[in-house]
Each structure stands twice: as structure tokens, then as C-alpha cells.
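Structure file structure_29.csv with CSV, C-alpha atoms and all ligand atoms:
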```
chain,number,residue,atom,x,y,z
A,5,MET,CA,-4.3,22.7,-16.2
A,6,PRO,CA,-6.7,20.7,-18.5
A,7,ALA,CA,-8.8,17.8,-17.2
A,8,ILE,CA,-8.5,14.5,-19.1
A,9,SER,CA,-12.1,14.7,-20.3
A,10,GLU,CA,-11.2,17.7,-22.4
A,11,THR,CA,-8.6,15.8,-24.3
A,12,TRP,CA,-8.2,12.7,-26.5
A,13,LEU,CA,-6.7,10.8,-23.6
A,14,SER,CA,-10.1,9.4,-22.5
A,15,GLU,CA,-10.6,7.7,-25.9
A,16,GLN,CA,-7.3,6.7,-27.5
A,17,ALA,CA,-4.6,4.2,-26.4
A,18,HIS,CA,-1.7,6.0,-24.8
A,19,ARG,CA,1.0,5.5,-22.4
A,20,ARG,CA,1.4,7.4,-19.1
A,21,TYR,CA,4.6,8.1,-17.3
A,22,ASN,CA,5.1,7.4,-13.6
A,23,PRO,CA,7.7,10.0,-12.5
A,24,LEU,CA,8.1,8.4,-9.1
A,25,ALA,CA,9.0,4.9,-10.3
A,26,ARG,CA,10.2,6.1,-13.7
A,27,GLU,CA,8.1,3.5,-15.5
A,28,TRP,CA,5.3,3.7,-18.1
A,29,VAL,CA,1.8,2.2,-18.1
A,30,LEU,CA,-0.2,1.5,-21.3
A,31,VAL,CA,-3.8,2.9,-21.0
A,32,SER,CA,-6.5,1.6,-23.4
A,33,PRO,CA,-9.7,3.4,-22.5
A,34,HIS,CA,-11.7,2.0,-25.4
A,35,ARG,CA,-11.3,-1.5,-24.1
A,36,THR,CA,-13.9,-1.0,-21.4
A,37,GLN,CA,-16.5,-1.6,-24.2
A,38,ARG,CA,-15.3,-5.1,-24.9
A,39,PRO,CA,-17.7,-7.9,-24.0
A,40,TRP,CA,-17.0,-9.6,-20.8
A,41,GLN,CA,-18.0,-13.3,-20.5
A,42,GLY,CA,-17.6,-15.6,-17.6
A,43,GLN,CA,-18.5,-13.1,-15.0
A,44,LEU,CA,-19.5,-14.8,-11.7
A,45,GLU,CA,-21.8,-13.5,-9.1
A,46,ALA,CA,-20.1,-12.1,-6.0
A,47,ALA,CA,-19.5,-14.7,-3.3
A,48,PRO,CA,-21.4,-13.8,-0.2
A,49,GLU,CA,-19.1,-12.6,2.5
A,50,GLU,CA,-18.0,-15.2,4.9
A,51,LEU,CA,-19.1,-14.2,8.4
A,52,LEU,CA,-16.1,-14.3,10.7
A,53,PRO,CA,-16.3,-14.8,14.5
A,54,PRO,CA,-14.8,-12.1,16.8
A,55,TYR,CA,-12.6,-14.8,18.2
A,56,ASP,CA,-11.3,-17.9,16.4
A,57,PRO,CA,-9.7,-20.6,18.6
A,58,ASP,CA,-7.7,-21.8,15.5
A,59,CYS,CA,-6.3,-18.3,14.6
A,60,TYR,CA,-2.6,-17.9,15.4
A,61,LEU,CA,-3.1,-14.1,15.8
A,62,CYS,CA,-6.1,-14.1,18.2
A,63,PRO,CA,-5.3,-13.1,21.8
A,64,GLY,CA,-4.3,-16.0,24.1
A,65,ASN,CA,-3.8,-18.5,21.2
A,66,VAL,CA,-0.7,-20.5,20.5
A,67,ARG,CA,1.3,-19.7,17.3
A,68,ALA,CA,2.7,-22.2,14.9
A,69,ARG,CA,6.0,-22.5,16.7
A,70,GLY,CA,4.6,-22.8,20.2
A,71,HIS,CA,4.7,-19.2,21.4
A,72,ARG,CA,1.5,-18.1,23.2
A,73,ASN,CA,0.0,-14.6,22.3
A,74,PRO,CA,-0.8,-12.4,25.3
A,75,ARG,CA,-4.4,-11.5,25.9
A,76,TYR,CA,-3.7,-8.2,24.2
A,77,THR,CA,-6.4,-5.5,24.1
A,78,GLY,CA,-4.9,-3.0,21.6
A,79,THR,CA,-2.2,-3.7,19.1
A,80,PHE,CA,0.3,-6.6,19.4
A,81,ILE,CA,3.7,-7.0,17.8
A,82,PHE,CA,5.9,-10.0,17.6
A,83,ASP,CA,8.9,-11.3,15.7
A,84,ASN,CA,7.8,-13.3,12.7
A,85,ASP,CA,8.2,-17.0,13.6
A,86,PHE,CA,9.1,-17.7,9.9
A,87,PRO,CA,11.3,-14.7,9.1
A,88,THR,CA,12.6,-14.1,5.6
A,89,MET,CA,15.7,-12.4,7.0
A,90,TRP,CA,17.7,-12.7,10.3
A,91,PRO,CA,19.6,-9.9,12.1
A,92,GLU,CA,22.6,-12.0,12.9
A,93,ALA,CA,23.4,-13.0,9.2
A,94,PRO,CA,27.2,-12.7,8.9
A,95,ALA,CA,28.2,-10.3,6.1
A,96,ARG,CA,29.2,-12.5,3.1
A,97,ARG,CA,29.6,-12.0,-0.6
A,98,TRP,CA,29.9,-14.6,-3.3
A,99,SER,CA,30.9,-13.6,-6.8
A,100,PRO,CA,32.9,-16.2,-8.7
A,101,SER,CA,32.2,-14.3,-12.0
A,102,GLU,CA,31.0,-10.8,-12.9
A,103,LEU,CA,27.7,-12.4,-13.8
A,104,LEU,CA,27.2,-14.3,-10.5
A,105,LEU,CA,26.7,-12.2,-7.5
A,106,ALA,CA,25.2,-13.0,-4.1
A,107,GLU,CA,25.3,-11.2,-0.7
A,108,THR,CA,23.8,-11.9,2.7
A,109,GLU,CA,20.8,-9.7,3.6
A,110,PRO,CA,20.4,-9.2,7.3
A,111,GLY,CA,17.1,-8.0,8.5
A,112,VAL,CA,14.2,-8.2,11.0
A,113,CYS,CA,10.7,-9.4,10.3
A,114,ARG,CA,7.7,-8.7,12.5
A,115,VAL,CA,4.0,-9.1,12.5
A,116,LEU,CA,1.7,-6.4,13.9
A,117,CYS,CA,-1.8,-7.3,14.9
A,118,PHE,CA,-4.1,-4.3,14.5
A,119,HIS,CA,-6.8,-5.3,16.9
A,120,PRO,CA,-7.7,-8.3,19.2
A,121,ARG,CA,-10.9,-8.9,17.2
A,122,HIS,CA,-10.6,-11.5,14.5
A,123,ASP,CA,-13.5,-10.2,12.4
A,124,LEU,CA,-12.4,-6.6,12.1
A,125,THR,CA,-10.5,-4.9,9.3
A,126,LEU,CA,-9.2,-1.3,8.9
A,127,ALA,CA,-12.5,-0.5,7.2
A,128,ARG,CA,-14.5,-1.7,10.2
A,129,MET,CA,-12.3,-0.4,12.9
A,130,GLU,CA,-13.0,2.9,14.7
A,131,ARG,CA,-10.7,5.8,13.9
A,132,GLY,CA,-9.3,5.7,17.5
A,133,ALA,CA,-8.3,2.1,17.1
A,134,ILE,CA,-6.6,2.8,13.8
A,135,ARG,CA,-4.8,5.7,15.5
A,136,GLN,CA,-3.2,3.1,17.8
A,137,VAL,CA,-2.1,1.2,14.8
A,138,VAL,CA,-0.5,4.4,13.4
A,139,ASP,CA,1.3,4.9,16.7
A,140,ALA,CA,2.6,1.3,16.5
A,141,TRP,CA,3.9,1.9,13.0
A,142,VAL,CA,5.7,5.1,14.1
A,143,GLU,CA,7.3,3.2,17.0
A,144,GLN,CA,8.4,0.4,14.8
A,145,TYR,CA,9.8,2.7,12.1
A,146,VAL,CA,11.8,4.6,14.8
A,147,GLU,CA,13.0,1.5,16.7
A,148,LEU,CA,14.0,-0.6,13.8
A,149,GLY,CA,15.3,2.3,11.7
A,150,SER,CA,17.6,3.4,14.5
A,151,ARG,CA,19.5,0.1,14.4
A,152,PRO,CA,22.8,0.8,12.7
A,153,PHE,CA,22.5,-2.0,10.1
A,154,ILE,CA,18.9,-1.2,9.1
A,155,ARG,CA,18.7,1.1,6.1
A,156,HIS,CA,15.1,0.5,5.2
A,157,VAL,CA,11.8,-0.3,7.0
A,158,GLN,CA,8.9,-1.6,4.9
A,159,ILE,CA,5.5,-1.6,6.6
A,160,PHE,CA,2.9,-3.5,4.4
A,161,GLU,CA,-0.4,-5.2,4.7
A,162,ASN,CA,-1.7,-8.0,2.5
A,163,ARG,CA,-5.4,-8.3,2.7
A,164,GLY,CA,-7.5,-11.2,1.3
A,165,GLU,CA,-6.6,-14.7,0.1
A,166,MET,CA,-6.4,-13.3,-3.4
A,167,MET,CA,-3.3,-11.4,-2.3
A,168,GLY,CA,-1.8,-14.4,-0.6
A,169,CYS,CA,-2.7,-13.3,2.9
A,170,SER,CA,-2.7,-16.3,5.2
A,171,ASN,CA,-5.1,-15.1,7.8
A,172,PRO,CA,-8.1,-12.6,7.9
A,173,HIS,CA,-7.2,-11.4,11.4
A,174,PRO,CA,-6.3,-7.7,10.9
A,175,HIS,CA,-2.5,-7.5,10.8
A,176,CYS,CA,0.4,-6.2,8.8
A,177,GLN,CA,4.0,-7.1,8.4
A,178,ILE,CA,7.2,-5.2,8.9
A,179,TRP,CA,10.4,-6.1,7.1
A,180,ALA,CA,13.4,-4.0,8.0
A,181,ASN,CA,16.7,-4.8,6.4
A,182,ALA,CA,20.3,-3.7,5.5
A,183,SER,CA,19.9,-2.7,1.8
A,184,ILE,CA,17.5,-0.2,0.3
A,185,PRO,CA,15.1,-2.3,-2.0
A,186,ASP,CA,15.0,-1.5,-5.7
A,187,ARG,CA,11.6,0.1,-5.8
A,188,VAL,CA,12.5,2.4,-2.9
A,189,ALA,CA,15.9,3.2,-4.5
A,190,ALA,CA,14.2,4.1,-7.7
A,191,GLU,CA,11.7,6.4,-5.9
A,192,THR,CA,14.7,7.9,-4.0
A,193,ALA,CA,16.6,8.7,-7.2
A,194,ALA,CA,13.5,10.2,-8.9
A,195,GLN,CA,12.7,12.4,-5.9
A,196,GLU,CA,16.3,13.5,-5.4
A,197,ASP,CA,16.6,14.4,-9.1
A,198,HIS,CA,13.2,16.3,-9.0
A,199,LEU,CA,14.2,18.3,-5.9
A,200,ARG,CA,17.5,19.3,-7.4
A,201,ARG,CA,15.9,20.4,-10.7
A,202,ARG,CA,12.7,22.0,-9.4
A,203,GLY,CA,13.5,23.1,-5.9
A,204,VAL,CA,10.4,21.5,-4.6
A,205,THR,CA,9.7,17.8,-3.8
A,206,LEU,CA,8.2,15.6,-6.5
A,207,LEU,CA,5.1,14.7,-4.5
A,208,ALA,CA,4.5,18.2,-3.2
A,209,GLU,CA,4.5,19.4,-6.8
A,210,TYR,CA,2.3,16.4,-7.9
A,211,ALA,CA,-0.2,17.0,-5.0
A,212,ALA,CA,-0.5,20.7,-6.1
A,213,VAL,CA,-1.2,19.6,-9.7
A,214,GLU,CA,-3.8,17.1,-8.7
A,215,GLN,CA,-5.5,19.6,-6.3
A,216,GLU,CA,-5.8,22.1,-9.2
A,217,ILE,CA,-7.3,19.6,-11.6
A,218,GLY,CA,-9.4,17.6,-9.0
A,219,GLU,CA,-10.5,14.7,-11.3
A,220,ARG,CA,-8.3,12.1,-9.7
A,221,ILE,CA,-8.8,13.1,-6.0
A,222,VAL,CA,-11.1,10.7,-4.1
A,223,PHE,CA,-11.3,12.8,-1.0
A,224,PHE,CA,-9.0,14.8,1.3
A,225,ASN,CA,-8.9,15.7,5.0
A,226,GLU,CA,-7.0,18.4,6.8
A,227,HIS,CA,-3.5,16.8,6.3
A,228,PHE,CA,-3.8,14.2,3.5
A,229,LEU,CA,-5.0,13.8,0.0
A,230,VAL,CA,-6.3,10.4,-1.3
A,231,LEU,CA,-6.0,10.1,-5.0
A,232,VAL,CA,-5.8,7.7,-7.9
A,233,PRO,CA,-2.4,8.4,-9.4
A,234,PHE,CA,-2.3,9.5,-13.0
A,235,TRP,CA,-0.1,6.6,-13.7
A,236,ALA,CA,-2.1,3.9,-11.8
A,237,VAL,CA,-1.5,0.3,-12.9
A,238,TRP,CA,-4.0,-1.5,-10.7
A,239,PRO,CA,-7.7,-0.8,-11.5
A,240,PHE,CA,-8.5,1.0,-8.2
A,241,GLU,CA,-4.9,1.9,-7.2
A,242,THR,CA,-4.7,4.9,-4.8
A,243,MET,CA,-2.1,6.8,-2.9
A,244,ILE,CA,-2.3,8.7,0.3
A,245,VAL,CA,-0.1,11.8,0.1
A,246,PRO,CA,0.5,14.3,2.9
A,247,ARG,CA,-0.4,17.9,2.3
A,248,ARG,CA,2.8,19.2,3.8
A,249,HIS,CA,6.4,18.0,3.4
A,250,VAL,CA,6.9,15.0,5.7
A,251,THR,CA,9.7,12.6,5.0
A,252,ALA,CA,8.6,9.7,7.2
A,253,LEU,CA,6.1,8.6,9.9
A,254,ASP,CA,8.3,9.9,12.7
A,255,GLU,CA,7.6,13.5,11.6
A,256,LEU,CA,3.8,13.3,11.9
A,257,SER,CA,2.2,15.5,14.6
A,258,ALA,CA,-0.5,14.0,16.8
A,259,ALA,CA,-3.1,15.7,14.7
A,260,GLU,CA,-1.6,14.3,11.5
A,261,ARG,CA,-1.6,10.8,13.0
A,262,ASP,CA,-5.3,11.2,13.6
A,263,SER,CA,-5.8,12.4,10.0
A,264,LEU,CA,-3.8,9.5,8.7
A,265,ALA,CA,-6.1,7.1,10.6
A,266,ASP,CA,-9.1,9.0,9.2
A,267,ALA,CA,-7.8,8.7,5.6
A,268,LEU,CA,-7.1,5.0,6.0
A,269,ARG,CA,-10.5,4.3,7.4
A,270,ARG,CA,-12.3,6.3,4.7
A,271,ILE,CA,-10.5,4.8,1.7
A,272,THR,CA,-10.8,1.2,3.0
A,273,VAL,CA,-14.6,1.7,3.6
A,274,ARG,CA,-15.0,3.1,0.1
A,275,TYR,CA,-13.0,0.1,-1.3
A,276,ASP,CA,-15.3,-2.4,0.6
A,277,ASN,CA,-18.4,-0.6,-0.7
A,278,LEU,CA,-17.2,-0.8,-4.3
A,279,PHE,CA,-18.2,-4.5,-4.7
A,280,GLN,CA,-19.6,-5.1,-1.2
A,281,VAL,CA,-16.8,-7.4,-0.1
A,282,SER,CA,-13.9,-7.1,2.2
A,283,PHE,CA,-11.7,-5.6,-0.5
A,284,PRO,CA,-8.4,-7.3,-1.1
A,285,TYR,CA,-5.2,-5.3,-1.6
A,286,SER,CA,-1.6,-4.9,-0.8
A,287,MET,CA,-0.9,-1.7,0.9
A,288,GLY,CA,2.3,-0.2,2.2
A,289,PHE,CA,4.2,2.9,3.3
A,290,HIS,CA,7.0,4.4,1.3
A,291,GLN,CA,9.2,6.8,3.3
A,292,ARG,CA,12.7,8.1,4.1
A,293,PRO,CA,15.3,5.3,4.1
A,294,THR,CA,16.9,4.9,7.6
A,295,ASP,CA,20.5,5.0,6.3
A,296,GLY,CA,21.4,8.0,8.4
A,297,GLU,CA,21.0,10.5,5.6
A,298,PRO,CA,18.5,13.4,6.0
A,299,HIS,CA,16.7,12.6,2.6
A,300,PRO,CA,15.0,16.0,2.2
A,301,GLU,CA,13.7,14.8,-1.2
A,302,TRP,CA,11.4,12.2,0.4
A,303,ASP,CA,7.7,12.6,1.0
A,304,LEU,CA,6.0,9.9,3.0
A,305,HIS,CA,3.2,8.2,1.1
A,306,VAL,CA,1.0,5.1,1.1
A,307,HIS,CA,0.4,2.9,-1.9
A,308,PHE,CA,-2.8,0.8,-2.2
A,309,TYR,CA,-2.6,-1.9,-4.9
A,310,PRO,CA,-6.0,-3.7,-5.1
A,311,PRO,CA,-6.5,-6.4,-7.7
A,312,LEU,CA,-10.3,-6.3,-8.2
A,313,LEU,CA,-11.6,-5.0,-11.5
A,314,ARG,CA,-15.3,-5.5,-12.1
A,315,SER,CA,-16.7,-7.5,-9.2
A,316,ALA,CA,-15.7,-9.5,-6.2
A,317,ARG,CA,-14.4,-12.3,-8.6
A,318,ILE,CA,-13.1,-10.5,-11.6
A,319,ARG,CA,-9.5,-9.4,-10.9
A,320,LYS,CA,-6.7,-7.9,-12.8
A,321,PHE,CA,-3.6,-10.1,-13.5
A,322,LEU,CA,-0.2,-8.8,-14.4
A,323,VAL,CA,0.5,-11.6,-16.9
A,324,GLY,CA,1.4,-12.1,-20.5
A,325,TYR,CA,2.2,-8.9,-22.2
A,326,GLU,CA,2.5,-7.2,-18.8
A,327,MET,CA,5.2,-9.6,-17.6
A,328,LEU,CA,7.1,-9.3,-20.7
A,329,ALA,CA,6.6,-5.7,-21.8
A,330,TRP,CA,4.8,-3.2,-19.5
A,331,PRO,CA,1.6,-3.0,-17.5
A,332,GLN,CA,-1.6,-2.1,-19.2
A,333,ARG,CA,-5.0,-0.9,-17.9
A,334,ASP,CA,-8.5,-0.6,-19.4
A,335,ILE,CA,-10.4,1.8,-17.1
A,336,THR,CA,-8.7,5.2,-16.8
A,337,ALA,CA,-7.5,6.5,-13.5
A,338,GLU,CA,-10.1,9.3,-13.9
A,339,ALA,CA,-12.9,6.8,-14.2
A,340,ALA,CA,-11.6,4.8,-11.2
A,341,ALA,CA,-11.4,8.0,-9.1
A,342,GLU,CA,-15.0,8.9,-10.1
A,343,ARG,CA,-16.2,5.4,-9.0
A,344,LEU,CA,-14.4,5.7,-5.6
A,345,ARG,CA,-15.7,9.3,-5.1
A,346,ALA,CA,-19.3,8.1,-5.6
A,347,MET,CA,-18.9,5.5,-2.8
A,348,SER,CA,-20.4,6.1,0.7
A,349,GLU,CA,-18.1,6.3,3.7
A,350,ARG,CA,-20.6,4.2,5.7
A,351,HIS,CA,-19.6,0.6,5.5
A,352,TRP,CA,-22.1,-1.6,3.6
A,353,ALA,CA,-22.1,-4.2,6.3
A,354,ALA,CA,-22.3,-1.8,9.2
A,401,LIG,P1,0.4,-12.6,5.7
A,401,LIG,O1,0.2,-11.3,6.3
A,401,LIG,O2,1.0,-12.5,4.3
A,401,LIG,O3,-0.7,-13.5,5.8
A,401,LIG,O4,1.6,-13.3,6.6
A,401,LIG,C1,1.4,-13.6,8.0
A,401,LIG,C2,2.8,-13.8,8.6
A,401,LIG,O5,2.7,-14.4,9.9
A,401,LIG,C3,3.7,-14.7,7.7
A,401,LIG,O6,4.9,-14.0,7.4
A,401,LIG,C4,3.7,-15.3,10.1
A,401,LIG,C5,4.1,-15.8,8.7
A,401,LIG,O7,5.4,-16.2,8.6
A,401,LIG,N1,3.4,-16.3,11.0
A,401,LIG,C6,4.0,-16.3,12.3
A,401,LIG,O8,4.9,-15.5,12.5
A,401,LIG,N2,3.6,-17.2,13.2
A,401,LIG,C7,2.6,-18.1,13.0
A,401,LIG,O9,2.3,-18.8,14.0
A,401,LIG,C8,2.0,-18.2,11.7
A,401,LIG,C9,2.3,-17.2,10.7
A,402,ZN,ZN,-7.8,-14.1,15.0
```
Would you mind writing the file out in C-alpha cells?
Amino acid sequence: MPAISETWLSEQAHRRYNPLAREWVLVSPHRTQRPWQGQLEAAPEELLPPYDPDCYLCPGNVRARGHRNPRYTGTFIFDNDFPTMWPEAPARRWSPSELLLAETEPGVCRVLCFHPRHDLTLARMERGAIRQVVDAWVEQYVELGSRPFIRHVQIFENRGEMMGCSNPHPHCQIWANASIPDRVAAETAAQEDHLRRRGVTLLAEYAAVEQEIGERIVFFNEHFLVLVPFWAVWPFETMIVPRRHVTALDELSAAERDSLADALRRITVRYDNLFQVSFPYSMGFHQRPTDGEPHPEWDLHVHFYPPLLRSARIRKFLVGYEMLAWPQRDITAEAAAERLRAMSERHWAA
């Protein structure tokens, strides 16, 4: 299979297809040469204390609604004090016209603290500590997913003010709810269709293609590939893809959980090293919906969507044309992968 560098794709505007989301992205490689004014120097990293008496996630502190956190030493999970959905929501539907339709959406929202230390991030945590986070994710997926009304469990992390994260304390959120969200429904349909047509799962086939070509792979370990997807929208978007067929977190072996922790640490360190900051991103797991179906078409994967483009301050916005038409990117996925590949796996601040 040909590499991009051997084709016109590294020079001419083109669109690339995302077979997982069934969407297109416009790629304009020539635009990287355009002048860039207004670039600001990177802000020096704010040095955080290991314990912050005002942080609502630090051990022993009181949260916004009066609950006191235990003096936890590993991970710590609690029900979100300001949930977006409630489990008890009575099933209601309102549709006075075909064009007006509303339904109740029951769900459970939780917050998971990764570590008692306020100043750590996945990139700065030891692999063993990240493994504990992986175990907590598996437990939450199994526990919430086994509730009869829960059909989907979304685990996601927002990092950095830029991504709307309210607190630097290392944590993620889990929103589990009754309906399968649109993005996940689209990926389910695409994977179902692919398995039916090709007799192999979409991401297994994709992983094989990327391994053969190599130019979008950032690194891999025994059980996972970390790559910039061909159809990436965000400048340094990546995916973590398992090297065997795994539909969800609950199917990972102990060794695979270690490998996932390893992959998470290594990609987040590379991200931090790119602009020598604590790299902002939204990250999350996509996996088998918990609607009771076996979903053999699904392959577990992680999406990283980071907004930074050229420095700690220059970010990508999805505005204007992108809100109205489709997303667009300037640096190619191949160039982004090359940059990430060149990064050290030793944290710049370590
Ligand atoms: P971010 O990860 O996007 O910063 O969100 C943190 C969550 O923590 C947010 O959903 C919750 C907010 O509702 N939260 C609590 O549950 N208790 C608090 O005391 C403050 C914030
Ligand atoms: Zn804290």
C-alpha cells in the first residue's frame, strides 16, 4: 500500500473519508506555508502544589455541596454533585407535532479522581498508578453497564482550561445513560456494516492497513497501536486501537490493562513534550454499548482530541466554515504523526 509522500495528497487540497464516523474532513496541506501573525510566547507552566486546600477533588476536602472526600490513596469515585442526568427520571415523551419531540433521558454521572496528588496528570503518573485508573474504568463500565436501563457508558477526560475543564486535579467523568448517543450510534452502524460486508471488524482491518504503511503510527506496544487516524480533524488527534478484537474494557486481560496504561502514559508524555506544557485535550473511550446485545462489530478504542496547533497558545477552532460545512485541517495527519514520533517519552518537566 502506498505512503502519502508518494502521492499528490501531501500537496493538493483534498477531502478524506472517516469510515468510522462516516464523515469527511477537508485537508489543505499547502496552507502550512501561510504566514502566521500574532503568535504569542508559550506561557510558563503554572506550578501546582501536590495538595490544594481549595480543590474540591483533593483528599479530605469538602466539595461544593458539602460532601467531604475521604483521605483516598488510590483512585476515588463519587456521584457528580451537579449531574446532567438522573437515574430516577420518569419515562416521558412530549411530541405535540411531528417537528417537536422531547423525551426524558435517565442516566448516572460520576467523577473519578485518578490520584490523590493535585499536581499530577496521566503524563506524570507512574504506569502502576495509571493501571489502577484502568481498573476503575473497567469496574465502572461493568457496574453501570449492567444496570437494565443503561445502554451506553461514556468515560471521558477534559484536560486544561482550554477544554473547559474546571479543575487541574487529575480526574475524568463518566456519563452512563439510557439512549445510545449519536456519535456512538454512527460508529456502531459503520462497524456493523463493515463486519457484514468484509467479514472482519472495521478497526481490525484499519489497524492492519496502518501497520503495513507505518507513516501514521506514533508507537505501539504489545497490545495497542497509537496512531494519528488518516481522517484526523484535530491537529494532533490520535487513537489508541487494540491489536486484537476486544469489544470493550471488560474483555481486557491483566496484561492488556497494563499495556493500555503504558500506551496512555506514553502518548500523554509525547503530547506534553510537543509544546512543553500540560497538553490540553478531550479524551474518551468508545466501546460496546451496554444494551444487552453482543456487538461483535465493535472494537474498543480511545480518541484523543487536542486543540493545540502550533504552540501552547495557538489552538484550532472549529468555527466559521467548519460549523457550517465540514471540518478542515492544514497539517496532514502524516506530518502530525511524524512530529509525535520524534518526541521523547521522558517528560520535559521530569
Ligand atoms: P470537568 O472534568 O469538566 O472539569 O468537570 C468536573 C465535574 O465535577 C463537573 O461535572 C463536578 C462538576 O459537576 N463537581 C462535583 O461533582 N462536585 C463539586 O464539588 C464540584 C464539581
Ligand atoms: Zn486537588
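Closest approach to A:Arg333 from the set A:Ala252, A:Ala236, A:Ala353, A:Leu207 is made by A:Ala236, with distances taken over only C-alpha atoms.
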Worksheet item: atom CA of A:Met5 and atom CA of A:Val213 are how many Å apart?
Response: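 Atom-to-atom, atom CA of A:Met5 and atom CA of A:Val213 are spaced 7.8 Å apart.
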Tell me, counting all atoms listed in the file, for each residue of chain A within 10 Å of ligand LIG 401 (chain A), which pair of atoms is nearest and how far apart they are in Å to one decimal, in rows ordered by chain and increasing number, as a Markdown table.
```
| residue | atom | partner | partner_atom | distance |
| --- | --- | --- | --- | --- |
| A:Cys59 | CA | A:LIG401 | O9 | 8.6 |
| A:Tyr60 | CA | A:LIG401 | O9 | 5.2 |
| A:Leu61 | CA | A:LIG401 | O9 | 7.4 |
| A:Asn65 | CA | A:LIG401 | O9 | 9.4 |
| A:Val66 | CA | A:LIG401 | O9 | 7.4 |
| A:Arg67 | CA | A:LIG401 | O9 | 3.6 |
| A:Ala68 | CA | A:LIG401 | O9 | 3.5 |
| A:Arg69 | CA | A:LIG401 | O9 | 5.9 |
| A:Gly70 | CA | A:LIG401 | O9 | 7.7 |
| A:His71 | CA | A:LIG401 | O9 | 7.8 |
| A:Arg72 | CA | A:LIG401 | O9 | 9.3 |
| A:Asn73 | CA | A:LIG401 | O9 | 9.6 |
| A:Phe82 | CA | A:LIG401 | O8 | 7.6 |
| A:Asp83 | CA | A:LIG401 | O8 | 6.6 |
| A:Asn84 | CA | A:LIG401 | O8 | 3.6 |
| A:Asp85 | CA | A:LIG401 | O8 | 3.8 |
| A:Phe86 | CA | A:LIG401 | O7 | 4.2 |
| A:Pro87 | CA | A:LIG401 | O7 | 6.1 |
| A:Thr88 | CA | A:LIG401 | O6 | 7.9 |
| A:Cys113 | CA | A:LIG401 | O6 | 8.0 |
| A:Arg114 | CA | A:LIG401 | O8 | 7.4 |
| A:Val115 | CA | A:LIG401 | O5 | 6.0 |
| A:Leu116 | CA | A:LIG401 | O5 | 9.0 |
| A:Cys117 | CA | A:LIG401 | O1 | 9.7 |
| A:Phe160 | CA | A:LIG401 | O1 | 8.5 |
| A:Glu161 | CA | A:LIG401 | O1 | 6.3 |
| A:Asn162 | CA | A:LIG401 | O1 | 5.4 |
| A:Arg163 | CA | A:LIG401 | O1 | 7.3 |
| A:Gly164 | CA | A:LIG401 | O3 | 8.5 |
| A:Glu165 | CA | A:LIG401 | O3 | 8.3 |
| A:Met167 | CA | A:LIG401 | O2 | 8.0 |
| A:Gly168 | CA | A:LIG401 | O2 | 6.0 |
| A:Cys169 | CA | A:LIG401 | O3 | 3.5 |
| A:Ser170 | CA | A:LIG401 | O3 | 3.5 |
| A:Asn171 | CA | A:LIG401 | O3 | 5.1 |
| A:Pro172 | CA | A:LIG401 | O3 | 7.7 |
| A:His173 | CA | A:LIG401 | O3 | 8.8 |
| A:Pro174 | CA | A:LIG401 | O1 | 8.7 |
| A:His175 | CA | A:LIG401 | O1 | 6.5 |
| A:Cys176 | CA | A:LIG401 | O1 | 5.7 |
| A:Gln177 | CA | A:LIG401 | O1 | 6.0 |
| A:Ile178 | CA | A:LIG401 | O6 | 9.2 |
| A:Trp179 | CA | A:LIG401 | O6 | 9.6 |
| A:Ser286 | CA | A:LIG401 | O2 | 9.5 |
```
Fill in: One-decimal distance in Å that lies between atom CA of A:Arg131 and atom CA of A:Tyr145
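Atom-to-atom, atom CA of A:Tyr145 to atom CA of A:Arg131, that is 20.8 Å.
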Worksheet entry | Straight-line distance linking atom CA of A:Arg314 with atom CA of A:Ala340, stated in Å to one decimal | 11.0 Å
Worksheet, complete the sentence: Using only C-alpha atoms and all ligand atoms, the best pick from A:Ala133, A:Leu229, A:Ala194, A:Cys62 as closest to ligand ZN 402 (chain A) would be A:Cys62
Item to complete: Could you tell me which of A:Arg220, A:His198, A:Arg96, A:Arg151 comes closest to A:Ala182 if we count only C-alpha atoms?
Response: A:Arg151
Item to complete: Go through A:Thr205, A:Gln215, A:Thr125, A:Asn225 and flag the residue nearest ligand ZN 402 (chain A), using all atoms listed in the file for the distances.
Response: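 Distance minimum relative to ligand ZN 402 (chain A) lands on A:Thr125.
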Item to complete: Could you check which of A:Glu338, A:Glu10, A:Asp58, A:Glu260 is closest to ligand ZN 402 (chain A), using only C-alpha atoms and all ligand atoms?
Response: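 With only C-alpha atoms and all ligand atoms as the atom set, the closest residue is A:Asp58.
Residue nearest ligand ZN 402 (chain A), chosen from A:Ala265, A:His122, A:Thr79, A:Ala95 and counting only C-alpha atoms and all ligand atoms: A:His122.
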Item to complete: For A:Gly218, list every protein, DNA or RNA residue within 10 Å, evaluated using all atoms listed in the file, and leave out those in the same chain fewer than 3 positions away; present the list as a PyMOL selection string.
Response: chain A and resi 7+212-215+221-223+231+338+341
Worksheet entry | Non-local contacts of A:Gly296 (12 Å; all atoms listed in the file; under 5 positions in same chain excluded) as a PyMOL selection string | chain A and resi 149-156
Discussion item. Around (-14.2, -8.0, 14.3), as given in the file, which residues come within 10 Å? Count all atoms listed in the file and list them as a count of residues only.
Written reply: 18
Wanna dump the stretch 184-261 of chain A-stretch 267-270 of chain A contacts at 8 Å for me, each residue with its shortest atom pair and the distance in Å to one decimal, counting only C-alpha atoms, ordered by chain and number, as CSV?
```
residue,atom,partner,partner_atom,distance
A:Phe224,CA,A:Ala267,CA,7.6
A:Asn225,CA,A:Ala267,CA,7.1
A:Phe228,CA,A:Ala267,CA,7.1
A:Val230,CA,A:Ala267,CA,7.3
A:Ile244,CA,A:Ala267,CA,7.6
```
Item to complete: List the neighbours of A:Trp238 out to 8 Å using all atoms listed in the file; skip same-chain residues closer than 4 positions along the sequence, and give me the result as a list in words.
Response: Tyr309, Pro310, Pro311, Lys320 and Arg333 of chain A
Worksheet item: What lies within 10 Å of A:Pro300 using all atoms listed in the file, ignoring chain neighbours under 3 positions off, as a PyMOL selection string?
Response: chain A and resi 195-196+199+204-205+249-251+292+297+303
Worksheet item: Can you list, as a PyMOL selection string, every protein, DNA or RNA residue that comes within 8 Å of stretch 15-18 of chain A when you count only C-alpha atoms, leaving out same-chain residues fewer than 2 positions away?
Response: chain A and resi 12-13+20+30-34
I need the residues from that last selection saved to file as a PDB file, in the coordinates of the input (with C-alpha atoms), if you can.
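Listing of part-v9.pdb after writing:
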```
ATOM      1  CA  TRP A  12      -8.200  12.700 -26.500  1.00  0.00           C
ATOM      2  CA  LEU A  13      -6.700  10.800 -23.600  1.00  0.00           C
ATOM      3  CA  ARG A  20       1.400   7.400 -19.100  1.00  0.00           C
ATOM      4  CA  LEU A  30      -0.200   1.500 -21.300  1.00  0.00           C
ATOM      5  CA  VAL A  31      -3.800   2.900 -21.000  1.00  0.00           C
ATOM      6  CA  SER A  32      -6.500   1.600 -23.400  1.00  0.00           C
ATOM      7  CA  PRO A  33      -9.700   3.400 -22.500  1.00  0.00           C
ATOM      8  CA  HIS A  34     -11.700   2.000 -25.400  1.00  0.00           C
TER       9      HIS A  34
END
```
